file upload39.txt (compact mmCIF, C-alpha atoms)
# COMPACT_ATOMS: atom_id res chain seq x y z
CA MET H 251 15.63 -12.22 0.93
CA SER H 252 18.02 -9.81 2.65
CA THR H 253 21.07 -11.37 0.97
CA LEU H 254 19.95 -10.36 -2.51
CA PRO H 255 21.26 -7.13 -4.07
CA TRP H 256 19.00 -4.11 -4.46
CA LEU H 257 17.25 -3.84 -7.81
CA HIS H 258 17.86 -0.07 -7.83
CA PRO H 259 20.71 0.54 -5.37
CA GLU H 260 20.95 4.24 -6.19
CA ARG H 261 17.30 4.82 -5.24
CA VAL H 262 17.66 2.84 -2.01
CA ALA H 263 20.73 4.88 -1.08
CA LEU H 264 18.77 8.12 -1.61
CA LEU H 265 15.85 6.81 0.46
CA GLU H 266 18.03 5.63 3.33
CA ALA H 267 19.91 8.93 3.35
CA ALA H 268 16.63 10.85 3.49
CA LEU H 269 15.28 8.67 6.30
CA ALA H 270 18.38 9.31 8.38
CA LYS H 271 18.19 13.06 7.79
CA ARG H 272 14.53 13.99 8.36
CA ILE H 273 11.01 12.75 9.00
CA LEU H 274 9.58 11.69 5.65
CA ILE H 275 5.96 12.40 4.77
CA ILE H 276 3.60 9.85 3.19
CA ASP H 277 0.68 11.08 1.10
CA GLY H 278 -2.97 11.02 2.16
CA GLY H 279 -6.13 9.28 1.03
CA MET H 280 -6.70 8.52 -2.64
CA GLY H 281 -10.39 7.67 -2.22
CA THR H 282 -11.00 10.88 -0.31
CA MET H 283 -9.68 12.92 -3.21
CA LEU H 284 -11.59 10.93 -5.84
CA GLN H 285 -14.85 11.59 -4.00
CA GLY H 286 -14.49 15.24 -4.88
CA HIS H 287 -14.59 14.50 -8.62
CA GLU H 288 -18.12 13.04 -8.33
CA LEU H 289 -17.43 10.49 -11.05
CA ASP H 290 -20.33 8.49 -12.49
CA GLU H 291 -20.51 5.09 -14.13
CA THR H 292 -19.56 6.52 -17.53
CA SER H 293 -16.46 8.11 -16.05
CA PHE H 294 -15.31 4.87 -14.48
CA ARG H 295 -15.85 2.93 -17.73
CA GLY H 296 -14.08 5.42 -19.98
CA GLU H 297 -13.78 4.51 -23.65
CA ARG H 298 -12.18 1.15 -23.00
CA PHE H 299 -15.11 -0.38 -21.11
CA VAL H 300 -17.99 1.61 -22.58
CA HIS H 301 -19.46 -1.41 -24.37
CA GLY H 302 -19.59 -3.65 -21.32
CA HIS H 303 -16.33 -5.51 -21.93
CA ASP H 304 -12.63 -4.76 -22.16
CA GLY H 305 -12.31 -3.10 -25.56
CA GLU H 306 -8.56 -3.70 -25.74
CA HIS H 307 -9.08 -7.46 -25.49
CA ALA H 308 -12.17 -7.86 -27.65
CA HIS H 309 -10.67 -10.88 -29.39
CA HIS H 310 -10.65 -12.66 -26.03
CA ASP H 311 -14.26 -11.91 -25.12
CA HIS H 312 -14.69 -15.33 -23.56
CA ALA H 313 -12.15 -14.40 -20.89
CA HIS H 314 -12.82 -10.70 -20.54
CA ASP H 315 -16.56 -10.28 -20.84
CA HIS H 316 -18.08 -7.74 -18.51
CA PRO H 317 -21.65 -8.62 -17.55
CA GLY H 318 -23.93 -5.69 -18.30
CA GLY H 319 -25.34 -5.82 -14.79
CA CYS H 320 -21.95 -5.32 -13.13
CA ASP H 321 -21.31 -1.65 -12.38
CA LEU H 322 -17.75 -0.35 -12.39
CA LYS H 323 -18.46 2.78 -10.36
CA GLY H 324 -16.50 2.54 -7.12
CA ASN H 325 -13.61 0.60 -8.64
CA ASN H 326 -11.14 3.40 -7.93
CA ASP H 327 -8.16 1.40 -9.13
CA LEU H 328 -9.69 1.19 -12.62
CA LEU H 329 -9.34 4.97 -12.94
CA THR H 330 -5.63 4.37 -13.42
CA LEU H 331 -6.58 3.12 -16.89
CA THR H 332 -9.71 5.14 -17.66
CA LYS H 333 -8.90 8.49 -16.00
CA PRO H 334 -5.09 8.57 -15.58
CA ASP H 335 -4.99 12.37 -15.54
CA ILE H 336 -7.11 12.41 -12.38
CA ILE H 337 -4.87 9.89 -10.62
CA ARG H 338 -1.74 11.76 -11.67
CA GLY H 339 -3.32 14.96 -10.41
CA VAL H 340 -3.93 13.44 -6.97
CA HIS H 341 -0.31 12.31 -6.75
CA GLU H 342 0.94 15.74 -7.74
CA ALA H 343 -1.36 17.50 -5.26
CA TYR H 344 0.15 15.48 -2.42
CA LEU H 345 3.68 16.06 -3.66
CA GLU H 346 2.98 19.79 -3.89
CA ALA H 347 1.74 19.65 -0.29
CA GLY H 348 5.05 18.22 0.89
CA ALA H 349 4.79 14.43 0.54
CA ASP H 350 8.07 12.60 0.09
CA LEU H 351 6.46 9.26 -0.70
CA VAL H 352 3.29 8.65 -2.71
CA GLU H 353 1.31 5.44 -2.73
CA THR H 354 0.19 3.85 -5.98
CA ASN H 355 -3.53 3.66 -6.72
CA THR H 356 -3.46 -0.14 -6.37
CA PHE H 357 -5.09 -0.92 -3.04
CA ASN H 358 -7.57 -3.30 -4.73
CA SER H 359 -5.44 -4.30 -7.73
CA THR H 360 -5.35 -8.03 -7.03
CA ARG H 361 -7.29 -10.68 -8.88
CA ILE H 362 -9.26 -11.41 -5.71
CA SER H 363 -10.42 -7.81 -5.30
CA GLN H 364 -11.00 -7.17 -9.01
CA ALA H 365 -13.17 -10.29 -9.18
CA ASP H 366 -15.95 -8.15 -7.70
CA TYR H 367 -16.00 -6.33 -11.05
CA LYS H 368 -15.20 -9.32 -13.31
CA LEU H 369 -11.87 -7.65 -14.17
CA GLU H 370 -9.40 -10.16 -12.75
CA HIS H 371 -7.34 -10.09 -15.95
CA LEU H 372 -6.34 -6.47 -15.27
CA ALA H 373 -4.38 -7.18 -12.08
CA TYR H 374 -0.86 -6.98 -13.51
CA GLU H 375 -1.70 -4.04 -15.78
CA LEU H 376 -3.34 -2.02 -13.00
CA ASN H 377 -0.26 -2.38 -10.82
CA ARG H 378 2.22 -1.64 -13.59
CA GLU H 379 0.35 1.42 -14.84
CA GLY H 380 -0.39 2.59 -11.30
CA ALA H 381 3.32 2.54 -10.52
CA LYS H 382 4.13 4.35 -13.78
CA LEU H 383 1.76 7.20 -12.92
CA ALA H 384 3.24 7.61 -9.46
CA ARG H 385 6.76 7.31 -10.87
CA ALA H 386 6.15 10.09 -13.38
CA ALA H 387 4.75 12.38 -10.68
CA CYS H 388 7.66 11.71 -8.33
CA ASP H 389 10.26 12.20 -11.05
CA LYS H 390 8.63 15.51 -12.02
CA PHE H 391 8.94 16.85 -8.49
CA THR H 392 12.40 15.42 -7.93
CA THR H 393 13.54 17.31 -11.02
CA LYS H 394 12.14 20.50 -9.48
CA THR H 395 13.89 19.91 -6.14
CA PRO H 396 16.83 17.51 -6.62
CA ASP H 397 17.81 17.93 -2.97
CA LYS H 398 14.45 16.43 -1.98
CA PRO H 399 13.98 13.20 -3.93
CA ARG H 400 10.47 11.73 -4.02
CA PHE H 401 9.71 8.00 -3.85
CA VAL H 402 7.01 5.63 -5.09
CA ILE H 403 5.40 3.21 -2.64
CA GLY H 404 3.89 0.28 -4.51
CA VAL H 405 0.79 -0.68 -2.54
CA LEU H 406 -0.34 -4.25 -1.88
CA GLY H 407 -3.73 -4.05 -0.16
CA PRO H 408 -5.16 -6.74 2.12
CA THR H 409 -7.72 -8.12 -0.39
CA SER H 410 -11.33 -8.65 0.64
CA ARG H 411 -10.68 -12.09 2.10
CA THR H 412 -9.04 -13.37 5.25
CA ALA H 413 -6.96 -16.49 5.65
CA SER H 414 -7.30 -16.65 9.43
CA LEU H 415 -11.01 -16.09 9.96
CA SER H 416 -14.17 -17.71 8.68
CA PRO H 417 -16.67 -15.49 6.83
CA ASP H 418 -19.41 -17.85 8.04
CA VAL H 419 -20.28 -17.55 11.74
CA ASN H 420 -21.93 -20.97 11.56
CA ASP H 421 -18.77 -22.65 10.25
CA PRO H 422 -15.65 -21.37 12.06
CA GLY H 423 -13.40 -23.78 10.18
CA TYR H 424 -14.39 -22.50 6.75
CA ARG H 425 -12.04 -20.30 4.72
CA ASN H 426 -12.82 -18.56 1.43
CA VAL H 427 -9.17 -18.24 0.39
CA THR H 428 -5.98 -20.26 0.78
CA PHE H 429 -2.46 -19.13 1.57
CA GLU H 430 -1.39 -20.29 -1.89
CA GLU H 431 -4.12 -18.27 -3.60
CA LEU H 432 -3.14 -15.15 -1.72
CA ALA H 433 0.53 -15.64 -2.51
CA ALA H 434 -0.23 -16.06 -6.23
CA ASN H 435 -2.31 -12.86 -6.20
CA TYR H 436 0.40 -10.90 -4.42
CA THR H 437 3.13 -12.21 -6.73
CA GLU H 438 1.32 -11.01 -9.85
CA SER H 439 0.50 -7.62 -8.37
CA ALA H 440 3.96 -7.00 -6.91
CA ASN H 441 5.54 -7.93 -10.22
CA GLY H 442 3.48 -5.23 -11.91
CA LEU H 443 4.45 -2.66 -9.28
CA ILE H 444 8.15 -3.41 -9.68
CA ASP H 445 7.96 -3.38 -13.47
CA GLY H 446 6.19 -0.01 -13.29
CA GLY H 447 8.98 1.55 -11.27
CA ALA H 448 8.01 1.34 -7.58
CA ASP H 449 10.86 2.17 -5.20
CA VAL H 450 9.33 0.30 -2.28
CA ILE H 451 6.59 -2.31 -1.84
CA MET H 452 4.25 -1.73 1.08
CA VAL H 453 2.06 -4.51 2.45
CA GLU H 454 -0.58 -2.29 4.00
CA THR H 455 -3.78 -2.12 6.03
CA ILE H 456 -3.03 -5.56 7.43
CA PHE H 457 -6.00 -6.80 9.42
CA ASP H 458 -5.06 -10.48 9.12
CA THR H 459 -1.43 -11.35 9.77
CA LEU H 460 -1.68 -14.57 7.78
CA ASN H 461 -2.61 -12.55 4.68
CA ALA H 462 0.48 -10.44 5.28
CA LYS H 463 2.65 -13.52 5.65
CA ALA H 464 1.38 -14.71 2.26
CA ALA H 465 2.37 -11.34 0.80
CA LEU H 466 5.83 -11.46 2.36
CA PHE H 467 6.31 -15.02 1.13
CA ALA H 468 5.27 -13.94 -2.35
CA LEU H 469 7.71 -11.04 -2.29
CA SER H 470 10.55 -13.28 -1.15
CA GLU H 471 9.89 -15.72 -3.99
CA LEU H 472 9.53 -12.91 -6.53
CA PHE H 473 12.78 -11.27 -5.45
CA HIS H 474 14.62 -14.56 -5.74
CA HIS H 475 13.14 -15.05 -9.21
CA LYS H 476 14.32 -11.59 -10.26
CA GLY H 477 17.67 -11.98 -8.54
CA ALA H 478 17.25 -8.62 -6.81
CA ARG H 479 14.95 -6.98 -4.27
CA VAL H 480 13.33 -3.68 -3.32
CA PRO H 481 12.72 -2.43 0.22
CA VAL H 482 9.54 -3.61 1.93
CA MET H 483 7.30 -1.58 4.22
CA ILE H 484 4.73 -3.24 6.48
CA SER H 485 1.69 -1.40 7.82
CA GLY H 486 -1.00 -3.00 9.92
CA THR H 487 -4.32 -1.66 11.09
CA ILE H 488 -5.68 -1.57 14.62
CA THR H 489 -9.35 -2.06 13.90
CA ASP H 490 -10.84 -0.39 16.98
CA ARG H 491 -9.98 1.00 20.40
CA SER H 492 -9.36 -2.48 21.79
CA GLY H 493 -5.84 -2.04 20.46
CA ARG H 494 -5.86 -5.22 18.37
CA THR H 495 -5.89 -6.16 14.71
CA LEU H 496 -8.96 -7.94 13.34
CA SER H 497 -7.17 -11.27 13.76
CA GLY H 498 -6.59 -10.44 17.43
CA GLN H 499 -2.99 -9.28 17.74
CA THR H 500 -1.69 -6.45 19.88
CA ALA H 501 0.85 -4.04 18.41
CA GLU H 502 3.68 -5.96 20.08
CA ALA H 503 2.50 -9.34 18.80
CA PHE H 504 2.05 -7.90 15.32
CA TYR H 505 5.61 -6.64 15.29
CA TYR H 506 7.10 -9.96 16.35
CA SER H 507 5.02 -11.76 13.70
CA MET H 508 6.48 -9.50 10.98
CA ARG H 509 10.03 -9.02 12.28
CA HIS H 510 11.48 -11.94 10.33
CA ALA H 511 10.99 -10.05 7.05
CA ARG H 512 13.47 -7.38 8.18
CA PRO H 513 11.40 -4.59 6.62
CA LEU H 514 12.55 -1.08 5.89
CA SER H 515 9.74 0.10 8.15
CA ILE H 516 6.81 -1.17 10.14
CA GLY H 517 3.81 0.84 11.24
CA PHE H 518 0.06 1.30 11.40
CA ASN H 519 -2.44 3.04 9.17
CA CYS H 520 -6.17 3.78 8.91
CA ALA H 521 -9.02 2.78 11.27
CA LEU H 522 -8.00 5.23 14.00
CA GLY H 523 -7.20 8.90 14.15
CA ALA H 524 -3.83 10.20 15.26
CA ALA H 525 -4.63 10.47 18.97
CA ASP H 526 -5.94 6.90 19.28
CA LEU H 527 -3.20 5.47 17.08
CA ARG H 528 -0.29 7.15 18.85
CA PRO H 529 0.20 4.68 21.76
CA HIS H 530 0.35 1.75 19.34
CA VAL H 531 2.91 3.51 17.18
CA GLN H 532 4.89 4.27 20.34
CA THR H 533 4.89 0.55 21.14
CA LEU H 534 6.41 -0.16 17.73
CA ALA H 535 8.97 2.62 18.20
CA ASN H 536 10.13 0.98 21.44
CA LEU H 537 10.50 -2.43 19.79
CA ALA H 538 11.33 -2.02 16.13
CA GLU H 539 14.81 -2.46 14.73
CA SER H 540 13.47 -0.83 11.55
CA TYR H 541 12.05 2.59 10.82
CA VAL H 542 8.47 3.24 11.97
CA SER H 543 5.62 4.62 9.87
CA THR H 544 2.14 5.87 10.56
CA HIS H 545 -0.61 7.33 8.40
CA PRO H 546 -3.77 7.63 10.47
CA ASN H 547 -7.25 8.75 9.53
CA ALA H 548 -8.25 12.36 9.86
CA GLY H 549 -10.32 11.36 12.87
CA LEU H 550 -12.59 8.36 12.49
CA PRO H 551 -13.60 6.90 9.09
CA ASN H 552 -16.38 8.71 7.25
CA ALA H 553 -18.50 6.45 5.06
CA PHE H 554 -19.47 9.42 2.89
CA GLY H 555 -16.01 10.91 2.47
CA GLY H 556 -13.64 8.06 1.93
CA CYS H 557 -12.05 5.91 4.61
CA CYS H 558 -8.99 7.97 5.42
CA GLY H 559 -10.39 11.47 5.12
CA THR H 560 -6.91 12.96 4.69
CA THR H 561 -6.29 15.57 1.99
CA PRO H 562 -3.30 17.61 0.76
CA ALA H 563 -4.18 20.21 3.40
CA HIS H 564 -3.67 17.59 6.13
CA ILE H 565 -0.39 16.48 4.61
CA LYS H 566 0.87 20.06 4.36
CA ALA H 567 -0.03 20.65 8.01
CA ILE H 568 1.83 17.50 9.07
CA ALA H 569 4.86 18.38 6.95
CA ASP H 570 4.96 21.87 8.44
CA ALA H 571 4.54 20.56 11.99
CA VAL H 572 7.41 18.04 11.86
CA ARG H 573 9.84 20.01 9.73
CA ASP H 574 12.04 21.06 12.63
CA TYR H 575 12.04 17.71 14.44
CA ALA H 576 14.82 15.16 14.09
CA PRO H 577 13.76 11.72 12.87
CA ARG H 578 13.78 8.64 15.07
CA GLN H 579 17.17 7.02 14.62
CA LEU H 580 17.50 3.28 14.24
CA PRO H 581 18.04 1.99 17.77
CA THR H 582 21.05 0.12 19.09
CA GLU H 583 20.60 -3.34 20.57
CA GLN H 584 21.19 -1.90 24.04
CA LEU H 585 18.46 0.72 23.62
CA LEU H 586 15.98 -1.88 22.39
CA THR H 587 16.72 -4.01 25.43
CA GLU H 588 16.19 -1.04 27.75
CA ASN H 589 12.91 -0.15 26.04
CA ILE H 590 11.60 -3.70 26.33
CA GLN H 591 12.59 -3.90 30.00
CA ALA H 592 10.94 -0.54 30.70
CA ALA H 593 7.72 -1.66 29.03
call {"tool": "encode", "arguments": {"input": "upload39.txt", "output": "structure tokens"}}
result
Amino acid sequence: MSTLPWLHPERVALLEAALAKRILIIDGGMGTMLQGHELDETSFRGERFVHGHDGEHAHHDHAHDHPGGCDLKGNNDLLTLTKPDIIRGVHEAYLEAGADLVETNTFNSTRISQADYKLEHLAYELNREGAKLARAACDKFTTKTPDKPRFVIGVLGPTSRTASLSPDVNDPGYRNVTFEELAANYTESANGLIDGGADVIMVETIFDTLNAKAALFALSELFHHKGARVPVMISGTITDRSGRTLSGQTAEAFYYSMRHARPLSIGFNCALGAADLRPHVQTLANLAESYVSTHPNAGLPNAFGGCCGTTPAHIKAIADAVRDYAPRQLPTEQLLTENIQAA
């Protein structure tokens, strides 16, 4: 994968130059912001899905029927198609607050996750259009401040299934998804993100490392098919104060499981607030040959306010707080050895 040329070498050069110069800021929670709009079922459906099926594919009703009893409220990714102005507004609010990188509204834009709403056929479109919205917002702000380019992170979420763990406590050998199914889902979604203009692909909120390996495999195959690649970010999630992912790995074990992909960055997001997440990020900083990322919750998750709880106000505060600090430089082999020995 690393031997392929960059798909957009000029964008990668800008990103790498920015990373070497200053601490870059990722945006905050999308769901948190959408909660404030108090959208109802009609809002989620928009005109396209008002009749209980996909109006743009009415001639394929057999494939795209939407059962009347299946609500669409809560399918935040669908708002990319039905309420694009709201999604664009969220991106722009974070960019205005100081974000350098914005994440696409595609956390659940895989066939597996959209199956909950009988909208599997939208997977590619959701990713492509999600990336286009983020791209337009970033380009708008880059035009305003050419010395501070903004970048689109194409998000590949973890899906609602796990390849390592059984969903049935009475049958520990059972799995409700295969590696091949996950890889196929990730390939389709990543292809949409790249076609929509994502600068980077981020495999994020990784609670099961095997799911992430399927995503990385899918990206490798997709890049080879395209004959070019984009940078990859990897972000896991420590699920509680035990300091382990859901599939049981420590921060150190997680890093060594992902290291082969040679990502642009590796980090942790969600589940924990900044104070609880810090020691795990420090572990990565001592080990990683790549850049390190973190986007924690604003405290612990709030079931009534979105998982992350972060808003543009949080992002502005972070941007202001780190403005005068130099970024972590990529370590030399000698420094990595010293860090590992010290640990």
call {"tool": "atom_distance", "arguments": {"input": "upload39.txt", "atom1": "atom CA of Glu291 of chain H", "atom2": "atom CA of Tyr367 of chain H"}}
result
12.7 Å
call {"tool": "closest_residue", "arguments": {"input": "upload39.txt", "among": "H:Ile568, H:Cys320, H:Val419, H:Val482", "to": "Asp350 of chain H", "atoms": "all atoms listed in the file"}}
result
H:Ile568
call {"tool": "closest_residue", "arguments": {"input": "upload39.txt", "among": "H:Leu586, H:Val572, H:Arg578, H:Gly559", "to": "Asn536 of chain H", "atoms": "only C-alpha atoms"}}
result
H:Leu586
call {"tool": "atom_distance", "arguments": {"input": "upload39.txt", "atom1": "atom CA of Gly286 of chain H", "atom2": "atom CA of Pro408 of chain H"}}
result
24.9 Å
call {"tool": "residues_around", "arguments": {"input": "upload39.txt", "residues": "Glu539 of chain H", "least_positions_apart": "3", "cutoff": "9 Å", "atoms": "all atoms listed in the file", "output": "number ranges by chain"}}
result
H: 509, 512, 515, 535-536, 542, 580-583, 586
call {"tool": "closest_residue", "arguments": {"input": "upload39.txt", "among": "H:Glu471, H:Asp570, H:Glu438, H:Glu297", "to": "Thr332 of chain H", "atoms": "only C-alpha atoms"}}
result
H:Glu297
call {"tool": "closest_atom_pairs", "arguments": {"input": "upload39.txt", "of": "segment 347-463 of chain H", "to": "segment 256-261 of chain H", "cutoff": "10 Å", "atoms": "all atoms listed in the file", "output": "tab-separated table"}}
result
residue	atom	partner	partner_atom	distance
H:Pro399	CA	H:Arg261	CA	9.1
H:Arg400	CA	H:Arg261	CA	9.8
H:Phe401	CA	H:Arg261	CA	8.3
H:Ile444	CA	H:Leu257	CA	9.3
H:Gly447	CA	H:His258	CA	9.7
H:Ala448	CA	H:His258	CA	10.0
H:Asp449	CA	H:Arg261	CA	7.0
H:Val450	CA	H:Arg261	CA	9.6
call {"tool": "residues_around", "arguments": {"input": "upload39.txt", "residues": "Leu269 of chain H", "least_positions_apart": "2", "cutoff": "10 Å", "atoms": "all atoms listed in the file", "output": "PyMOL selection string"}}
result
chain H and resi 263-267+271-274+541+577-580
call {"tool": "residues_around", "arguments": {"input": "upload39.txt", "residues": "Glu502 of chain H", "least_positions_apart": "3", "cutoff": "9 Å", "atoms": "only C-alpha atoms", "output": "JSON list (two decimals) with C-alpha atoms, in the frame of the given file"}}
result
[["chain", "number", "residue", "atom", "x", "y", "z"],
["H", 499, "GLN", "CA", -2.99, -9.28, 17.74],
["H", 505, "TYR", "CA", 5.61, -6.64, 15.29],
["H", 506, "TYR", "CA", 7.10, -9.96, 16.35],
["H", 507, "SER", "CA", 5.02, -11.76, 13.70],
["H", 530, "HIS", "CA", 0.35, 1.75, 19.34],
["H", 533, "THR", "CA", 4.89, 0.55, 21.14],
["H", 534, "LEU", "CA", 6.41, -0.16, 17.73],
["H", 537, "LEU", "CA", 10.50, -2.43, 19.79]]
call {"tool": "closest_residue", "arguments": {"input": "upload39.txt", "among": "H:Asp366, H:Glu454, H:Asp421, H:Asp327", "to": "Leu284 of chain H", "atoms": "all atoms listed in the file"}}
result
H:Asp327
call {"tool": "axis_aligned_box", "arguments": {"input": "upload39.txt", "around": "segment 569-575 of chain H", "padding_each_side": "8 Å", "output": "JSON"}}
result
{"center_x": 8.3, "center_y": 19.8, "center_z": 10.7, "size_x": 23.5, "size_y": 20.2, "size_z": 23.5}
call {"tool": "residues_around", "arguments": {"input": "upload39.txt", "residues": "Ala501 of chain H", "least_positions_apart": "4", "cutoff": "12 Å", "atoms": "all atoms listed in the file", "output": "mmCIF file with C-alpha atoms, keeping the file's coordinate frame"}}
result
data_model
loop_
_atom_site.group_PDB
_atom_site.id
_atom_site.type_symbol
_atom_site.label_atom_id
_atom_site.label_comp_id
_atom_site.auth_asym_id
_atom_site.auth_seq_id
_atom_site.Cartn_x
_atom_site.Cartn_y
_atom_site.Cartn_z
ATOM 1 C CA ILE H 456 -3.030 -5.560 7.430
ATOM 2 C CA PHE H 457 -6.000 -6.800 9.420
ATOM 3 C CA THR H 459 -1.430 -11.350 9.770
ATOM 4 C CA SER H 485 1.690 -1.400 7.820
ATOM 5 C CA GLY H 486 -1.000 -3.000 9.920
ATOM 6 C CA THR H 487 -4.320 -1.660 11.090
ATOM 7 C CA ILE H 488 -5.680 -1.570 14.620
ATOM 8 C CA THR H 489 -9.350 -2.060 13.900
ATOM 9 C CA SER H 492 -9.360 -2.480 21.790
ATOM 10 C CA GLY H 493 -5.840 -2.040 20.460
ATOM 11 C CA ARG H 494 -5.860 -5.220 18.370
ATOM 12 C CA THR H 495 -5.890 -6.160 14.710
ATOM 13 C CA LEU H 496 -8.960 -7.940 13.340
ATOM 14 C CA SER H 497 -7.170 -11.270 13.760
ATOM 15 C CA TYR H 505 5.610 -6.640 15.290
ATOM 16 C CA TYR H 506 7.100 -9.960 16.350
ATOM 17 C CA SER H 507 5.020 -11.760 13.700
ATOM 18 C CA MET H 508 6.480 -9.500 10.980
ATOM 19 C CA ILE H 516 6.810 -1.170 10.140
ATOM 20 C CA GLY H 517 3.810 0.840 11.240
ATOM 21 C CA PHE H 518 0.060 1.300 11.400
ATOM 22 C CA LEU H 527 -3.200 5.470 17.080
ATOM 23 C CA ARG H 528 -0.290 7.150 18.850
ATOM 24 C CA PRO H 529 0.200 4.680 21.760
ATOM 25 C CA HIS H 530 0.350 1.750 19.340
ATOM 26 C CA VAL H 531 2.910 3.510 17.180
ATOM 27 C CA GLN H 532 4.890 4.270 20.340
ATOM 28 C CA THR H 533 4.890 0.550 21.140
ATOM 29 C CA LEU H 534 6.410 -0.160 17.730
ATOM 30 C CA ALA H 535 8.970 2.620 18.200
ATOM 31 C CA ASN H 536 10.130 0.980 21.440
ATOM 32 C CA LEU H 537 10.500 -2.430 19.790
ATOM 33 C CA ALA H 538 11.330 -2.020 16.130
#
call {"tool": "residues_around", "arguments": {"input": "upload39.txt", "residues": "Arg378 of chain H", "least_positions_apart": "4", "cutoff": "8 Å", "atoms": "all atoms listed in the file", "output": "list of chain:residue names"}}
result
H:Tyr374, H:Lys382, H:Asn441, H:Gly442, H:Leu443, H:Ile444, H:Asp445, H:Gly446, H:Gly447
call {"tool": "atom_distance", "arguments": {"input": "upload39.txt", "atom1": "atom CA of His510 of chain H", "atom2": "atom CA of Asn355 of chain H"}}
result
27.6 Å
call {"tool": "decode", "arguments": {"input": "upload39.txt", "residues": "segment 325-330 of chain H", "atoms": "all heavy atoms", "output": "CSV table (one decimal), in the first residue's frame"}}
result
chain,number,residue,atom,x,y,z
H,325,ASN,N,-31.4,8.3,12.0
H,325,ASN,CA,-30.4,8.0,11.0
H,325,ASN,C,-29.7,9.3,10.5
H,325,ASN,O,-30.0,9.8,9.5
H,325,ASN,CB,-31.1,7.3,9.8
H,325,ASN,CG,-30.1,6.8,8.8
H,325,ASN,OD1,-28.9,6.9,8.9
H,325,ASN,ND2,-30.7,6.2,7.7
H,326,ASN,N,-28.8,9.7,11.4
H,326,ASN,CA,-28.2,11.0,11.1
H,326,ASN,C,-27.5,11.1,9.8
H,326,ASN,O,-27.4,12.2,9.2
H,326,ASN,CB,-27.2,11.3,12.3
H,326,ASN,CG,-27.9,11.7,13.6
H,326,ASN,OD1,-29.0,11.9,13.6
H,326,ASN,ND2,-27.1,11.6,14.7
H,327,ASP,N,-26.9,10.0,9.3
H,327,ASP,CA,-26.2,10.0,8.1
H,327,ASP,C,-27.1,10.4,6.9
H,327,ASP,O,-26.7,11.0,5.9
H,327,ASP,CB,-25.5,8.7,7.8
H,327,ASP,CG,-24.4,8.4,8.8
H,327,ASP,OD1,-24.5,8.8,9.9
H,327,ASP,OD2,-23.5,7.6,8.5
H,328,LEU,N,-28.4,10.0,7.0
H,328,LEU,CA,-29.4,10.3,6.0
H,328,LEU,C,-29.6,11.7,5.7
H,328,LEU,O,-30.0,12.2,4.7
H,328,LEU,CB,-30.7,9.6,6.3
H,328,LEU,CG,-31.8,9.6,5.2
H,328,LEU,CD1,-31.3,8.9,3.9
H,328,LEU,CD2,-33.1,9.0,5.7
H,329,LEU,N,-29.3,12.5,6.8
H,329,LEU,CA,-29.5,14.0,6.7
H,329,LEU,C,-28.6,14.6,5.6
H,329,LEU,O,-28.8,15.7,5.1
H,329,LEU,CB,-29.3,14.7,8.0
H,329,LEU,CG,-30.3,14.3,9.1
H,329,LEU,CD1,-29.9,14.9,10.4
H,329,LEU,CD2,-31.7,14.7,8.7
H,330,THR,N,-27.5,13.9,5.3
H,330,THR,CA,-26.6,14.3,4.2
H,330,THR,C,-27.4,14.5,2.9
H,330,THR,O,-27.2,15.4,2.1
H,330,THR,CB,-25.5,13.3,4.0
H,330,THR,OG1,-24.7,13.3,5.1
H,330,THR,CG2,-24.7,13.6,2.8
